[in-house]
$ cat coords-v6.cif   # mmCIF, C-alpha atoms and all ligand atoms
data_my_file
loop_
_atom_site.label_atom_id
_atom_site.label_comp_id
_atom_site.auth_asym_id
_atom_site.auth_seq_id
_atom_site.Cartn_x
_atom_site.Cartn_y
_atom_site.Cartn_z
CA MET A 1 125.38 56.73 -68.24
CA MET A 2 126.14 58.24 -71.67
CA GLU A 3 129.57 59.83 -71.71
CA ILE A 4 129.83 62.07 -74.73
CA LYS A 5 133.45 62.27 -75.80
CA THR A 6 133.25 64.38 -78.97
CA VAL A 7 130.92 66.91 -80.60
CA VAL A 8 131.20 67.91 -84.27
CA LEU A 9 129.50 71.04 -85.63
CA ARG A 10 129.08 71.27 -89.39
CA TYR A 11 127.89 74.56 -90.94
CA MET A 12 125.66 73.51 -93.84
CA LYS A 13 124.22 75.42 -96.81
CA MET A 14 121.55 73.81 -98.99
CA LYS A 15 119.51 75.30 -101.83
CA LEU A 16 115.73 74.95 -101.55
CA LEU A 17 114.09 73.70 -104.75
CA HIS A 18 111.63 76.64 -104.52
CA PRO A 19 111.95 79.99 -102.69
CA PHE A 20 109.74 79.98 -99.59
CA LYS A 21 107.90 83.31 -99.10
CA THR A 22 105.97 84.26 -95.97
CA SER A 23 104.79 87.55 -94.46
CA VAL A 24 108.23 87.93 -92.84
CA GLY A 25 110.48 87.28 -95.84
CA VAL A 26 111.80 84.83 -98.46
CA GLU A 27 114.12 81.83 -97.90
CA GLN A 28 116.02 80.37 -100.87
CA ASP A 29 119.21 79.07 -99.32
CA LYS A 30 118.89 77.11 -96.09
CA ASP A 31 121.86 77.54 -93.78
CA PHE A 32 121.85 75.31 -90.71
CA ILE A 33 124.11 73.50 -88.28
CA LEU A 34 124.37 69.71 -88.33
CA VAL A 35 125.31 68.54 -84.82
CA GLU A 36 126.98 65.16 -84.17
CA VAL A 37 127.63 63.85 -80.66
CA LYS A 38 129.88 60.81 -80.28
CA SER A 39 130.32 58.41 -77.40
CA ALA A 40 133.65 56.74 -76.53
CA ASP A 41 132.70 53.64 -78.57
CA GLY A 42 132.34 55.83 -81.68
CA GLN A 43 128.54 55.70 -81.87
CA SER A 44 126.99 58.96 -83.14
CA GLY A 45 123.75 60.86 -82.60
CA PHE A 46 122.61 63.66 -84.91
CA GLY A 47 120.62 66.87 -84.50
CA GLU A 48 119.88 69.90 -86.67
CA SER A 49 119.45 73.60 -85.86
CA VAL A 50 116.41 75.33 -87.37
CA ALA A 51 117.34 79.02 -87.01
CA SER A 52 117.47 80.99 -90.27
CA ILE A 53 120.37 83.11 -91.48
CA SER A 54 118.41 86.27 -90.46
CA PRO A 55 116.37 86.87 -87.26
CA LEU A 56 113.06 87.21 -89.12
CA PHE A 57 111.02 84.34 -87.67
CA HIS A 58 112.49 84.84 -84.21
CA GLU A 59 115.60 86.26 -82.57
CA GLU A 60 118.01 83.36 -83.16
CA THR A 61 120.18 82.94 -86.26
CA VAL A 62 122.58 80.27 -87.48
CA GLN A 63 125.40 82.51 -86.23
CA THR A 64 123.95 82.92 -82.73
CA ASN A 65 123.39 79.16 -82.64
CA TRP A 66 127.03 78.52 -83.60
CA HIS A 67 128.16 80.89 -80.83
CA MET A 68 125.88 79.39 -78.15
CA LEU A 69 126.83 75.82 -79.10
CA SER A 70 130.57 76.53 -79.27
CA ASP A 71 130.96 78.81 -76.26
CA TYR A 72 128.32 77.61 -73.80
CA LEU A 73 126.35 74.43 -74.56
CA ILE A 74 129.08 72.08 -75.82
CA PRO A 75 131.64 73.01 -73.12
CA LEU A 76 128.96 72.36 -70.47
CA LEU A 77 127.88 69.06 -72.08
CA LEU A 78 131.49 67.83 -72.38
CA LYS A 79 132.13 68.24 -68.69
CA SER A 80 128.86 66.61 -67.59
CA ASP A 81 127.73 62.99 -67.21
CA ILE A 82 124.39 62.31 -68.87
CA GLN A 83 122.21 59.53 -67.43
CA HIS A 84 119.25 60.35 -69.69
CA PRO A 85 118.61 62.98 -72.44
CA ASP A 86 116.20 64.75 -70.04
CA ASP A 87 119.33 65.77 -68.09
CA VAL A 88 120.41 67.98 -71.02
CA THR A 89 117.39 70.30 -70.77
CA LYS A 90 117.88 70.63 -67.00
CA MET A 91 121.56 71.45 -67.55
CA PHE A 92 120.81 74.00 -70.29
CA ASP A 93 118.09 75.74 -68.22
CA HIS A 94 121.01 77.61 -66.70
CA PHE A 95 121.13 79.64 -69.93
CA ARG A 96 118.19 81.84 -71.02
CA GLY A 97 116.36 81.29 -74.33
CA ASN A 98 118.47 80.15 -77.33
CA TYR A 99 115.96 77.37 -77.90
CA ASN A 100 117.11 76.44 -81.44
CA ALA A 101 120.71 76.01 -80.28
CA LYS A 102 119.66 73.92 -77.27
CA ALA A 103 117.34 71.74 -79.37
CA ALA A 104 119.99 71.03 -82.01
CA ILE A 105 122.37 69.37 -79.54
CA GLU A 106 119.68 67.95 -77.23
CA GLY A 107 118.18 66.19 -80.27
CA ALA A 108 121.57 64.66 -81.10
CA VAL A 109 121.84 63.35 -77.53
CA TRP A 110 118.31 61.84 -77.80
CA ASP A 111 119.33 60.12 -81.09
CA LEU A 112 122.47 58.69 -79.47
CA TYR A 113 120.49 57.59 -76.40
CA ALA A 114 117.88 55.77 -78.54
CA LYS A 115 120.64 54.03 -80.51
CA LYS A 116 122.30 52.88 -77.27
CA GLN A 117 118.92 51.54 -76.09
CA ASN A 118 118.62 49.81 -79.49
CA MET A 119 115.23 51.45 -80.04
CA SER A 120 113.82 53.93 -82.53
CA LEU A 121 113.76 57.58 -81.42
CA ALA A 122 109.95 57.40 -81.83
CA THR A 123 109.78 54.54 -79.33
CA ALA A 124 112.24 56.23 -76.96
CA LEU A 125 109.95 59.29 -76.94
CA GLY A 126 106.80 57.23 -76.28
CA GLY A 127 105.56 57.20 -79.85
CA THR A 128 102.83 54.72 -80.84
CA LYS A 129 102.04 55.45 -84.49
CA LYS A 130 103.40 53.43 -87.41
CA GLN A 131 102.60 56.23 -89.89
CA ILE A 132 102.04 59.98 -89.64
CA GLU A 133 99.69 62.18 -91.67
CA VAL A 134 101.39 64.84 -93.77
CA GLY A 135 100.28 68.34 -94.65
CA VAL A 136 102.06 70.93 -96.73
CA SER A 137 102.83 74.61 -96.16
CA VAL A 138 102.48 76.69 -99.33
CA GLY A 139 104.50 79.88 -99.45
CA ILE A 140 103.03 83.16 -100.79
CA GLN A 141 102.73 82.90 -104.60
CA GLU A 142 102.90 85.79 -107.13
CA THR A 143 99.44 85.05 -108.58
CA GLU A 144 96.25 83.26 -107.55
CA ALA A 145 96.55 81.04 -110.63
CA LYS A 146 100.00 79.84 -109.49
CA LEU A 147 98.67 79.24 -105.97
CA LEU A 148 95.69 77.21 -107.19
CA LYS A 149 97.94 75.15 -109.46
CA LYS A 150 100.27 74.37 -106.56
CA VAL A 151 97.36 73.43 -104.29
CA GLU A 152 95.90 71.17 -107.00
CA GLY A 153 99.28 69.46 -107.44
CA TYR A 154 99.71 68.92 -103.69
CA LEU A 155 96.22 67.45 -103.36
CA GLU A 156 96.94 65.08 -106.26
CA ARG A 157 100.10 63.97 -104.40
CA GLY A 158 97.94 63.09 -101.40
CA PHE A 159 98.79 65.77 -98.84
CA LYS A 160 96.18 65.58 -96.06
CA ARG A 161 96.08 69.32 -95.30
CA ILE A 162 96.90 72.55 -97.11
CA LYS A 163 98.45 75.48 -95.17
CA VAL A 164 98.55 78.81 -96.96
CA LYS A 165 100.40 81.92 -95.89
CA VAL A 166 98.28 85.04 -95.45
CA MET A 167 98.99 88.69 -94.69
CA PRO A 168 96.95 91.93 -94.82
CA GLU A 169 95.96 92.62 -98.47
CA ARG A 170 96.74 88.96 -99.39
CA ASP A 171 94.21 86.93 -97.42
CA LEU A 172 90.45 86.92 -98.19
CA ASP A 173 91.16 86.78 -101.94
CA ILE A 174 93.46 83.78 -101.48
CA LEU A 175 91.00 81.94 -99.22
CA GLN A 176 88.08 82.77 -101.54
CA ALA A 177 89.99 81.44 -104.55
CA ILE A 178 90.98 78.20 -102.84
CA ARG A 179 87.52 77.56 -101.36
CA GLY A 180 86.02 78.27 -104.80
CA GLU A 181 88.06 75.42 -106.30
CA PHE A 182 88.39 73.12 -103.27
CA PRO A 183 85.35 73.62 -101.00
CA ASP A 184 85.92 70.56 -98.82
CA ILE A 185 89.68 70.23 -98.27
CA GLN A 186 91.34 70.54 -94.84
CA LEU A 187 92.57 74.15 -95.14
CA MET A 188 94.40 76.43 -92.69
CA ALA A 189 96.06 79.84 -92.84
CA ASP A 190 99.37 80.92 -91.28
CA ALA A 191 99.63 84.68 -90.69
CA ASN A 192 103.10 84.72 -89.09
CA CYS A 193 102.14 87.60 -86.73
CA ALA A 194 100.95 89.88 -89.55
CA TYR A 195 97.80 91.27 -87.83
CA THR A 196 96.82 93.27 -84.72
CA LEU A 197 93.69 93.59 -82.58
CA ALA A 198 92.70 96.49 -84.83
CA ASP A 199 92.02 93.78 -87.46
CA ILE A 200 89.41 91.87 -85.38
CA GLU A 201 86.53 92.80 -87.74
CA HIS A 202 88.65 91.80 -90.74
CA LEU A 203 89.78 88.53 -89.15
CA ARG A 204 86.15 87.70 -88.33
CA LYS A 205 85.61 87.42 -92.12
CA PHE A 206 87.93 84.38 -92.11
CA ASP A 207 85.13 82.48 -90.33
CA GLU A 208 83.22 82.05 -93.60
CA PHE A 209 85.93 79.79 -95.07
CA GLY A 210 85.67 76.89 -92.64
CA LEU A 211 89.39 76.88 -91.83
CA THR A 212 90.71 74.25 -89.43
CA MET A 213 92.71 77.08 -87.83
CA ILE A 214 94.43 80.41 -88.25
CA GLU A 215 98.04 80.14 -87.15
CA GLN A 216 99.69 82.98 -85.15
CA PRO A 217 97.58 85.92 -86.33
CA LEU A 218 99.02 88.37 -83.77
CA ALA A 219 102.43 89.34 -82.43
CA HIS A 220 105.07 86.71 -81.66
CA GLY A 221 105.26 86.07 -77.93
CA ASP A 222 101.69 87.33 -77.36
CA ILE A 223 99.09 85.25 -75.49
CA VAL A 224 96.94 88.06 -74.01
CA ASP A 225 95.67 89.70 -77.20
CA HIS A 226 95.17 86.27 -78.79
CA ALA A 227 92.69 85.51 -75.98
CA GLN A 228 90.69 88.65 -76.84
CA LEU A 229 90.83 87.76 -80.56
CA GLN A 230 89.74 84.14 -79.98
CA ALA A 231 86.73 85.43 -78.02
CA ASN A 232 85.72 87.38 -81.14
CA ILE A 233 86.24 84.89 -83.98
CA GLU A 234 84.99 81.35 -84.61
CA THR A 235 88.09 80.08 -86.43
CA PRO A 236 90.31 78.22 -83.93
CA ILE A 237 93.60 80.03 -83.23
CA CYS A 238 96.78 77.98 -83.38
CA LEU A 239 99.88 79.43 -81.72
CA ASP A 240 103.36 78.96 -83.18
CA GLU A 241 105.75 81.87 -82.53
CA SER A 242 104.19 82.56 -79.09
CA ILE A 243 105.03 79.17 -77.63
CA HIS A 244 108.52 78.44 -76.26
CA SER A 245 107.68 76.10 -73.37
CA ALA A 246 105.08 73.96 -71.65
CA GLU A 247 104.49 76.92 -69.33
CA ASP A 248 103.54 79.08 -72.33
CA VAL A 249 101.06 76.38 -73.38
CA ARG A 250 99.59 76.18 -69.86
CA LYS A 251 99.06 79.96 -69.73
CA SER A 252 97.62 80.07 -73.28
CA ILE A 253 95.11 77.34 -72.43
CA GLU A 254 94.13 79.03 -69.14
CA LEU A 255 93.61 82.38 -70.89
CA GLY A 256 91.75 80.86 -73.84
CA SER A 257 94.36 82.24 -76.25
CA THR A 258 94.58 79.13 -78.37
CA LYS A 259 92.63 76.00 -79.33
CA ILE A 260 95.43 74.26 -81.25
CA ILE A 261 99.24 74.14 -80.83
CA ASN A 262 101.89 74.02 -83.56
CA LEU A 263 104.83 72.27 -81.91
CA LYS A 264 108.31 72.95 -83.26
CA ILE A 265 111.06 71.04 -81.47
CA GLY A 266 113.57 73.83 -82.21
CA ARG A 267 111.29 76.58 -80.91
CA VAL A 268 110.84 74.96 -77.49
CA GLY A 269 114.44 73.89 -76.83
CA GLY A 270 114.22 70.22 -77.67
CA LEU A 271 112.44 66.87 -77.42
CA THR A 272 112.14 66.73 -73.61
CA GLU A 273 110.13 70.00 -73.55
CA SER A 274 108.22 68.80 -76.64
CA LYS A 275 107.10 65.71 -74.70
CA LYS A 276 105.94 67.92 -71.80
CA ILE A 277 103.91 70.05 -74.23
CA HIS A 278 102.46 66.90 -75.82
CA ASP A 279 101.36 65.56 -72.42
CA LEU A 280 99.82 68.93 -71.43
CA CYS A 281 97.88 69.14 -74.70
CA VAL A 282 96.58 65.59 -74.25
CA GLN A 283 95.53 66.43 -70.69
CA HIS A 284 93.57 69.48 -71.93
CA ASN A 285 92.27 67.96 -75.21
CA ILE A 286 94.19 70.51 -77.26
CA PRO A 287 94.95 69.18 -80.77
CA LEU A 288 98.66 69.22 -81.56
CA TRP A 289 100.62 69.07 -84.83
CA CYS A 290 104.29 69.34 -85.74
CA GLY A 291 105.28 72.49 -87.59
CA GLY A 292 108.26 72.72 -89.92
CA MET A 293 111.23 75.02 -90.33
CA LEU A 294 112.27 73.84 -93.80
CA GLU A 295 114.45 71.23 -92.13
CA ALA A 296 116.89 68.96 -93.95
CA GLY A 297 116.66 65.23 -93.38
CA VAL A 298 118.01 65.03 -89.80
CA GLY A 299 115.57 67.66 -88.51
CA ARG A 300 112.79 66.03 -90.57
CA ALA A 301 113.58 62.68 -88.94
CA HIS A 302 113.22 64.23 -85.47
CA ASN A 303 109.88 65.77 -86.52
CA ILE A 304 108.61 62.36 -87.70
CA ALA A 305 109.66 60.76 -84.40
CA ILE A 306 107.87 63.31 -82.17
CA THR A 307 104.78 63.24 -84.42
CA SER A 308 104.45 59.50 -83.71
CA LEU A 309 103.19 60.37 -80.19
CA PRO A 310 99.40 59.89 -79.90
CA GLY A 311 98.55 63.50 -79.07
CA PHE A 312 99.66 64.68 -82.54
CA THR A 313 96.18 64.45 -84.01
CA LEU A 314 96.48 66.88 -86.95
CA PRO A 315 98.64 66.63 -90.08
CA GLY A 316 101.95 68.47 -89.68
CA ASP A 317 104.27 70.41 -92.01
CA THR A 318 106.62 67.42 -92.38
CA ALA A 319 106.53 67.08 -96.15
CA PRO A 320 108.88 64.55 -97.83
CA SER A 321 112.49 65.38 -98.71
CA ALA A 322 111.68 65.84 -102.42
CA HIS A 323 109.39 68.77 -101.54
CA TYR A 324 112.43 70.80 -100.45
CA TRP A 325 115.69 69.40 -101.90
CA ASP A 326 117.04 67.89 -105.11
CA GLU A 327 118.96 65.56 -102.75
CA ASP A 328 118.68 65.29 -98.95
CA ILE A 329 121.48 64.69 -96.41
CA ILE A 330 119.95 61.40 -95.25
CA LEU A 331 119.55 57.89 -96.73
CA PRO A 332 116.93 56.80 -97.50
CA GLU A 333 115.17 60.14 -98.06
CA VAL A 334 111.83 60.85 -96.37
CA THR A 335 109.08 59.70 -98.74
CA MET A 336 105.30 59.93 -98.56
CA ASN A 337 102.63 57.53 -99.81
CA ASP A 338 99.02 58.69 -99.99
CA GLY A 339 99.73 61.51 -97.54
CA LEU A 340 101.40 59.22 -95.00
CA ILE A 341 105.04 58.87 -93.89
CA ASP A 342 106.23 55.61 -92.32
CA VAL A 343 107.74 56.03 -88.84
CA PRO A 344 111.19 54.36 -88.85
CA THR A 345 111.55 51.31 -86.58
CA THR A 346 115.36 51.07 -86.70
CA PRO A 347 117.49 52.50 -83.86
CA GLY A 348 117.68 56.26 -83.36
CA ILE A 349 116.36 58.64 -86.01
CA GLY A 350 116.16 55.67 -88.37
CA PHE A 351 118.07 57.24 -91.24
CA ASP A 352 121.76 57.17 -92.18
CA LEU A 353 123.66 60.28 -93.21
CA ASN A 354 124.29 60.74 -96.94
CA TRP A 355 127.94 61.65 -96.33
CA ASP A 356 128.61 62.60 -99.94
CA LYS A 357 125.80 65.18 -99.73
CA VAL A 358 126.93 66.31 -96.26
CA GLU A 359 130.45 66.92 -97.59
CA GLU A 360 129.06 68.74 -100.64
CA CYS A 361 126.92 71.10 -98.54
CA MET A 362 129.32 71.64 -95.65
CA VAL A 363 130.86 75.12 -95.52
CA HIS A 364 133.05 74.61 -92.45
CA SER A 365 133.17 72.49 -89.28
CA ARG A 366 134.63 72.39 -85.79
CA VAL A 367 135.39 69.44 -83.47
CA PHE A 368 135.17 69.59 -79.67
CA HIS A 369 136.69 66.91 -77.39
CA ARG A 370 136.01 66.15 -73.74
CA GLY A 371 138.88 67.73 -71.81
O1 LIG A 401 108.91 73.32 -93.12
C1 LIG A 401 107.85 73.61 -93.69
O2 LIG A 401 107.49 73.15 -94.78
C2 LIG A 401 106.94 74.66 -93.04
C3 LIG A 401 107.54 75.98 -93.27
C4 LIG A 401 106.73 77.05 -92.60
O3 LIG A 401 105.52 77.11 -92.73
C5 LIG A 401 107.44 77.99 -91.80
C6 LIG A 401 108.78 77.88 -91.67
C7 LIG A 401 109.52 78.83 -90.92
C8 LIG A 401 108.89 79.87 -90.35
C9 LIG A 401 107.58 80.23 -90.79
O4 LIG A 401 107.73 81.05 -91.91
C10 LIG A 401 106.67 79.10 -91.19
C11 LIG A 401 105.79 78.73 -90.02
O5 LIG A 401 105.36 79.68 -89.33
O6 LIG A 401 105.44 77.58 -89.77
MG MG A 402 103.78 79.19 -88.39
#
$ encode --input "coords-v6.cif" --output "structure tokens"
Amino acid sequence: MMEIKTVVLRYMKMKLLHPFKTSVGVEQDKDFILVEVKSADGQSGFGESVASISPLFHEETVQTNWHMLSDYLIPLLLKSDIQHPDDVTKMFDHFRGNYNAKAAIEGAVWDLYAKKQNMSLATALGGTKKQIEVGVSVGIQETEAKLLKKVEGYLERGFKRIKVKVMPERDLDILQAIRGEFPDIQLMADANCAYTLADIEHLRKFDEFGLTMIEQPLAHGDIVDHAQLQANIETPICLDESIHSAEDVRKSIELGSTKIINLKIGRVGGLTESKKIHDLCVQHNIPLWCGGMLEAGVGRAHNIAITSLPGFTLPGDTAPSAHYWDEDIILPEVTMNDGLIDVPTTPGIGFDLNWDKVEECMVHSRVFHRG
């Protein structure tokens, strides 16, 4: 049994090296919650919330996460006995939605559990890979020239896949320009819900660019219209914002709404549900990759661990720390060699906290003790 005695919430604010622009908005500062769970012997596990400061990507925010953690999830956790991290998801099912908040503390419990088992989080999750392939997500750039320069730089640094953001009026030109310079690279487009079924004819034009996928072309939460769209275009659809559970994946597969899944631990409520989604995708031969939410090092470490499972067959958005921050909150930082990141073999997430950086970026904190 893992008796959690203390939980510490730290409200963090970090400055991204480059503003990140998508069809839903621009992120420059990254606010997030660093969650620490401590057992009686003083051992700690860490998790990270992925919600943004505004409800643009989905309905949660850092503030709603802070509320849900403080007023519902932590009080429940501190009066429960946990035999295994899977118990946390069962316990939290009592509350609807709030997936980012649930995942932030469930991930910390998984980290603590792996440390107590003296195994890496990757191993605790069933991971088998020693390295993971890394792709990069390129935000919307002011000009095509800037975009092409960024793509060229990323390819030189070894990224295995390029993901570009598209939106109506900023799509075919971007794809044409990239394919003109880089005809053979692994290229995908992320629409972040920017289109509707009225755009079927327009979206059919994407087929000429040989994309590995188009990510979330239609409304967040939708799986019905995506099935109609997939029946009308060749490019494989990948769902992101529509998927919050293994049940959503099952229905999407049955309807033919998707051929690829972007898994985000925070979007599905944690690592236990992520494992269920992984197993379902393997069962149905649906390629899986790990999306990103501009995480700092703790969230990045969790993404690396889940991506070590064998069903993650496509490069994810888990770029190295230096792609996002001048200094990360973990030691060592996440680094990449030739488009590959080593999966840590040390206990838990496999990184220490850079406490000087944590202190520097912490805005406020709150400590909760078992009653
Ligand atoms: O973390 C990364 O580098 C990927 C970032 C990224 O592509 C996204 C982050 C957050 C929400 C979205 O805008 C977008 C996505 O849809 O994957
Ligand atoms: Mg996406």
$ atom_distance --input "coords-v6.cif" --atom1 "CA of Asn337 in chain A" --atom2 "CA of Ala122 in chain A"
19.4 Å
$ residues_near_ligand --input "coords-v6.cif" --ligand "ligand MG 402 (chain A)" --cutoff "10 Å" --atoms "all atoms listed in the file" --output "compact mmCIF listing (two decimals) with C-alpha atoms, in the frame of the given file"
# COMPACT_ATOMS: atom_id res chain seq x y z
CA THR A 22 105.97 84.26 -95.97
CA PHE A 57 111.02 84.34 -87.67
CA SER A 137 102.83 74.61 -96.16
CA LYS A 163 98.45 75.48 -95.17
CA LYS A 165 100.40 81.92 -95.89
CA ALA A 189 96.06 79.84 -92.84
CA ASP A 190 99.37 80.92 -91.28
CA ALA A 191 99.63 84.68 -90.69
CA ASN A 192 103.10 84.72 -89.09
CA CYS A 193 102.14 87.60 -86.73
CA ILE A 214 94.43 80.41 -88.25
CA GLU A 215 98.04 80.14 -87.15
CA GLN A 216 99.69 82.98 -85.15
CA PRO A 217 97.58 85.92 -86.33
CA CYS A 238 96.78 77.98 -83.38
CA LEU A 239 99.88 79.43 -81.72
CA ASP A 240 103.36 78.96 -83.18
CA GLU A 241 105.75 81.87 -82.53
CA SER A 242 104.19 82.56 -79.09
CA ASN A 262 101.89 74.02 -83.56
CA LEU A 263 104.83 72.27 -81.91
CA LYS A 264 108.31 72.95 -83.26
CA GLY A 291 105.28 72.49 -87.59
CA GLY A 292 108.26 72.72 -89.92
CA MET A 293 111.23 75.02 -90.33
CA ASP A 317 104.27 70.41 -92.01
$ closest_residue --input "coords-v6.cif" --among "A:Leu271, A:Val136, A:Met2, A:Leu148" --to "ligand LIG 401 (chain A)" --atoms "only C-alpha atoms and all ligand atoms"
A:Val136
$ closest_residue --input "coords-v6.cif" --among "A:Met91, A:Val166, A:Leu294, A:Ala114" --to "ligand LIG 401 (chain A)" --atoms "all atoms listed in the file"
A:Leu294
$ closest_residue --input "coords-v6.cif" --among "A:Asp71, A:Glu181, A:His323, A:Glu254" --to "Pro19 in chain A" --atoms "only C-alpha atoms"
A:His323
$ atom_distance --input "coords-v6.cif" --atom1 "CA of Leu78 in chain A" --atom2 "CA of Arg370 in chain A"
5.0 Å
$ closest_residue --input "coords-v6.cif" --among "A:Ala319, A:Val151, A:Val134, A:Met14" --to "ligand LIG 401 (chain A)" --atoms "all atoms listed in the file"
A:Ala319
$ closest_residue --input "coords-v6.cif" --among "A:Ala227, A:Ile53, A:Leu34, A:Ala108" --to "ligand LIG 401 (chain A)" --atoms "only C-alpha atoms and all ligand atoms"
A:Ile53
$ closest_residue --input "coords-v6.cif" --among "A:Leu112, A:Ser23, A:Asp225, A:Val249" --to "Pro168 in chain A" --atoms "only C-alpha atoms"
A:Ser23
$ residues_around --input "coords-v6.cif" --residues "Phe92 in chain A" --least-positions-apart "3" --cutoff "10 Å" --atoms "only C-alpha atoms" --output "list in words"
Tyr72, Leu73, Leu76, Leu77, Asp87, Val88, Thr89, Phe95, Arg96, Gly97, Asn98, Tyr99, Lys102, Ala103, Glu106 and Gly269 of chain A
$ residues_near_point --input "coords-v6.cif" --point "(125.4, 76.2, -88.5)" --cutoff "8 Å" --atoms "all atoms listed in the file" --output "ChimeraX atom specification"
/A:9-12,31-34,49,62-63,65-66
$ atom_distance --input "coords-v6.cif" --atom1 "CA of Lys150 in chain A" --atom2 "CA of Phe351 in chain A"
29.1 Å
$ residues_around --input "coords-v6.cif" --residues "Glu273 in chain A" --least-positions-apart "4" --cutoff "7 Å" --atoms "only C-alpha atoms" --output "mmCIF file with C-alpha atoms, in the frame of the given file"
data_model
loop_
_atom_site.group_PDB
_atom_site.id
_atom_site.type_symbol
_atom_site.label_atom_id
_atom_site.label_comp_id
_atom_site.auth_asym_id
_atom_site.auth_seq_id
_atom_site.Cartn_x
_atom_site.Cartn_y
_atom_site.Cartn_z
ATOM 1 C CA SER A 245 107.680 76.100 -73.370
ATOM 2 C CA ALA A 246 105.080 73.960 -71.650
ATOM 3 C CA VAL A 268 110.840 74.960 -77.490
ATOM 4 C CA GLY A 269 114.440 73.890 -76.830
ATOM 5 C CA ILE A 277 103.910 70.050 -74.230
#
$ residues_around --input "coords-v6.cif" --residues "Thr313 in chain A" --least-positions-apart "2" --cutoff "9 Å" --atoms "all atoms listed in the file" --output "tab-separated table (two decimals) with C-alpha atoms, in the frame of the given file"
chain	number	residue	atom	x	y	z
A	133	GLU	CA	99.69	62.18	-91.67
A	287	PRO	CA	94.95	69.18	-80.77
A	288	LEU	CA	98.66	69.22	-81.56
A	289	TRP	CA	100.62	69.07	-84.83
A	307	THR	CA	104.78	63.24	-84.42
A	309	LEU	CA	103.19	60.37	-80.19
A	310	PRO	CA	99.40	59.89	-79.90
A	311	GLY	CA	98.55	63.50	-79.07
A	315	PRO	CA	98.64	66.63	-90.08
$ residues_around --input "coords-v6.cif" --residues "Gly339 in chain A" --least-positions-apart "6" --cutoff "10 Å" --atoms "only C-alpha atoms" --output "NGL selection string"
:A and (131-136 or 154-161 or 315 or 319-320)
$ residues_around --input "coords-v6.cif" --residues "Ile105 in chain A" --least-positions-apart "5" --cutoff "8 Å" --atoms "all atoms listed in the file" --output "list in words"
Val35, Glu36, Val37, Phe46, Gly47, Glu48 and Leu69 of chain A
$ write_last_selection --input "coords-v6.cif" --atoms "C-alpha atoms" --output "short mmCIF file (atom, residue, chain, number, x, y, z; two decimals), in the coordinates of the input"
data_model
loop_
_atom_site.label_atom_id
_atom_site.label_comp_id
_atom_site.auth_asym_id
_atom_site.auth_seq_id
_atom_site.Cartn_x
_atom_site.Cartn_y
_atom_site.Cartn_z
CA VAL A 35 125.31 68.54 -84.82
CA GLU A 36 126.98 65.16 -84.17
CA VAL A 37 127.63 63.85 -80.66
CA PHE A 46 122.61 63.66 -84.91
CA GLY A 47 120.62 66.87 -84.50
CA GLU A 48 119.88 69.90 -86.67
CA LEU A 69 126.83 75.82 -79.10
#
$ build_atoms --input "coords-v6.cif" --residues "range 29-40 of chain A" --atoms "N, CA and C atoms" --output "PDB file, in the coordinates of the input"
ATOM      1  N   ASP A  29     118.153  79.950 -99.835  1.00  0.00           N
ATOM      2  CA  ASP A  29     119.210  79.070 -99.320  1.00  0.00           C
ATOM      3  C   ASP A  29     118.882  78.728 -97.883  1.00  0.00           C
ATOM      4  N   LYS A  30     119.141  77.501 -97.495  1.00  0.00           N
ATOM      5  CA  LYS A  30     118.890  77.110 -96.090  1.00  0.00           C
ATOM      6  C   LYS A  30     120.241  76.821 -95.443  1.00  0.00           C
ATOM      7  N   ASP A  31     120.636  77.758 -94.571  1.00  0.00           N
ATOM      8  CA  ASP A  31     121.860  77.540 -93.780  1.00  0.00           C
ATOM      9  C   ASP A  31     121.443  76.900 -92.461  1.00  0.00           C
ATOM     10  N   PHE A  32     122.167  75.923 -92.005  1.00  0.00           N
ATOM     11  CA  PHE A  32     121.850  75.310 -90.710  1.00  0.00           C
ATOM     12  C   PHE A  32     123.087  74.616 -90.171  1.00  0.00           C
ATOM     13  N   ILE A  33     122.983  74.199 -88.908  1.00  0.00           N
ATOM     14  CA  ILE A  33     124.110  73.500 -88.280  1.00  0.00           C
ATOM     15  C   ILE A  33     123.723  72.032 -88.086  1.00  0.00           C
ATOM     16  N   LEU A  34     124.538  71.145 -88.586  1.00  0.00           N
ATOM     17  CA  LEU A  34     124.370  69.710 -88.330  1.00  0.00           C
ATOM     18  C   LEU A  34     125.232  69.373 -87.127  1.00  0.00           C
ATOM     19  N   VAL A  35     124.599  68.847 -86.072  1.00  0.00           N
ATOM     20  CA  VAL A  35     125.310  68.540 -84.820  1.00  0.00           C
ATOM     21  C   VAL A  35     125.480  67.024 -84.686  1.00  0.00           C
ATOM     22  N   GLU A  36     126.699  66.585 -84.413  1.00  0.00           N
ATOM     23  CA  GLU A  36     126.980  65.160 -84.170  1.00  0.00           C
ATOM     24  C   GLU A  36     127.596  65.024 -82.796  1.00  0.00           C
ATOM     25  N   VAL A  37     127.026  64.160 -81.965  1.00  0.00           N
ATOM     26  CA  VAL A  37     127.630  63.850 -80.660  1.00  0.00           C
ATOM     27  C   VAL A  37     128.089  62.406 -80.713  1.00  0.00           C
ATOM     28  N   LYS A  38     129.296  62.149 -80.210  1.00  0.00           N
ATOM     29  CA  LYS A  38     129.880  60.810 -80.280  1.00  0.00           C
ATOM     30  C   LYS A  38     130.225  60.303 -78.892  1.00  0.00           C
ATOM     31  N   SER A  39     129.920  59.018 -78.668  1.00  0.00           N
ATOM     32  CA  SER A  39     130.320  58.410 -77.400  1.00  0.00           C
ATOM     33  C   SER A  39     131.699  57.763 -77.592  1.00  0.00           C
ATOM     34  N   ALA A  40     132.282  57.283 -76.494  1.00  0.00           N
ATOM     35  CA  ALA A  40     133.650  56.740 -76.530  1.00  0.00           C
ATOM     36  C   ALA A  40     133.774  55.579 -77.517  1.00  0.00           C
TER      37      ALA A  40
END
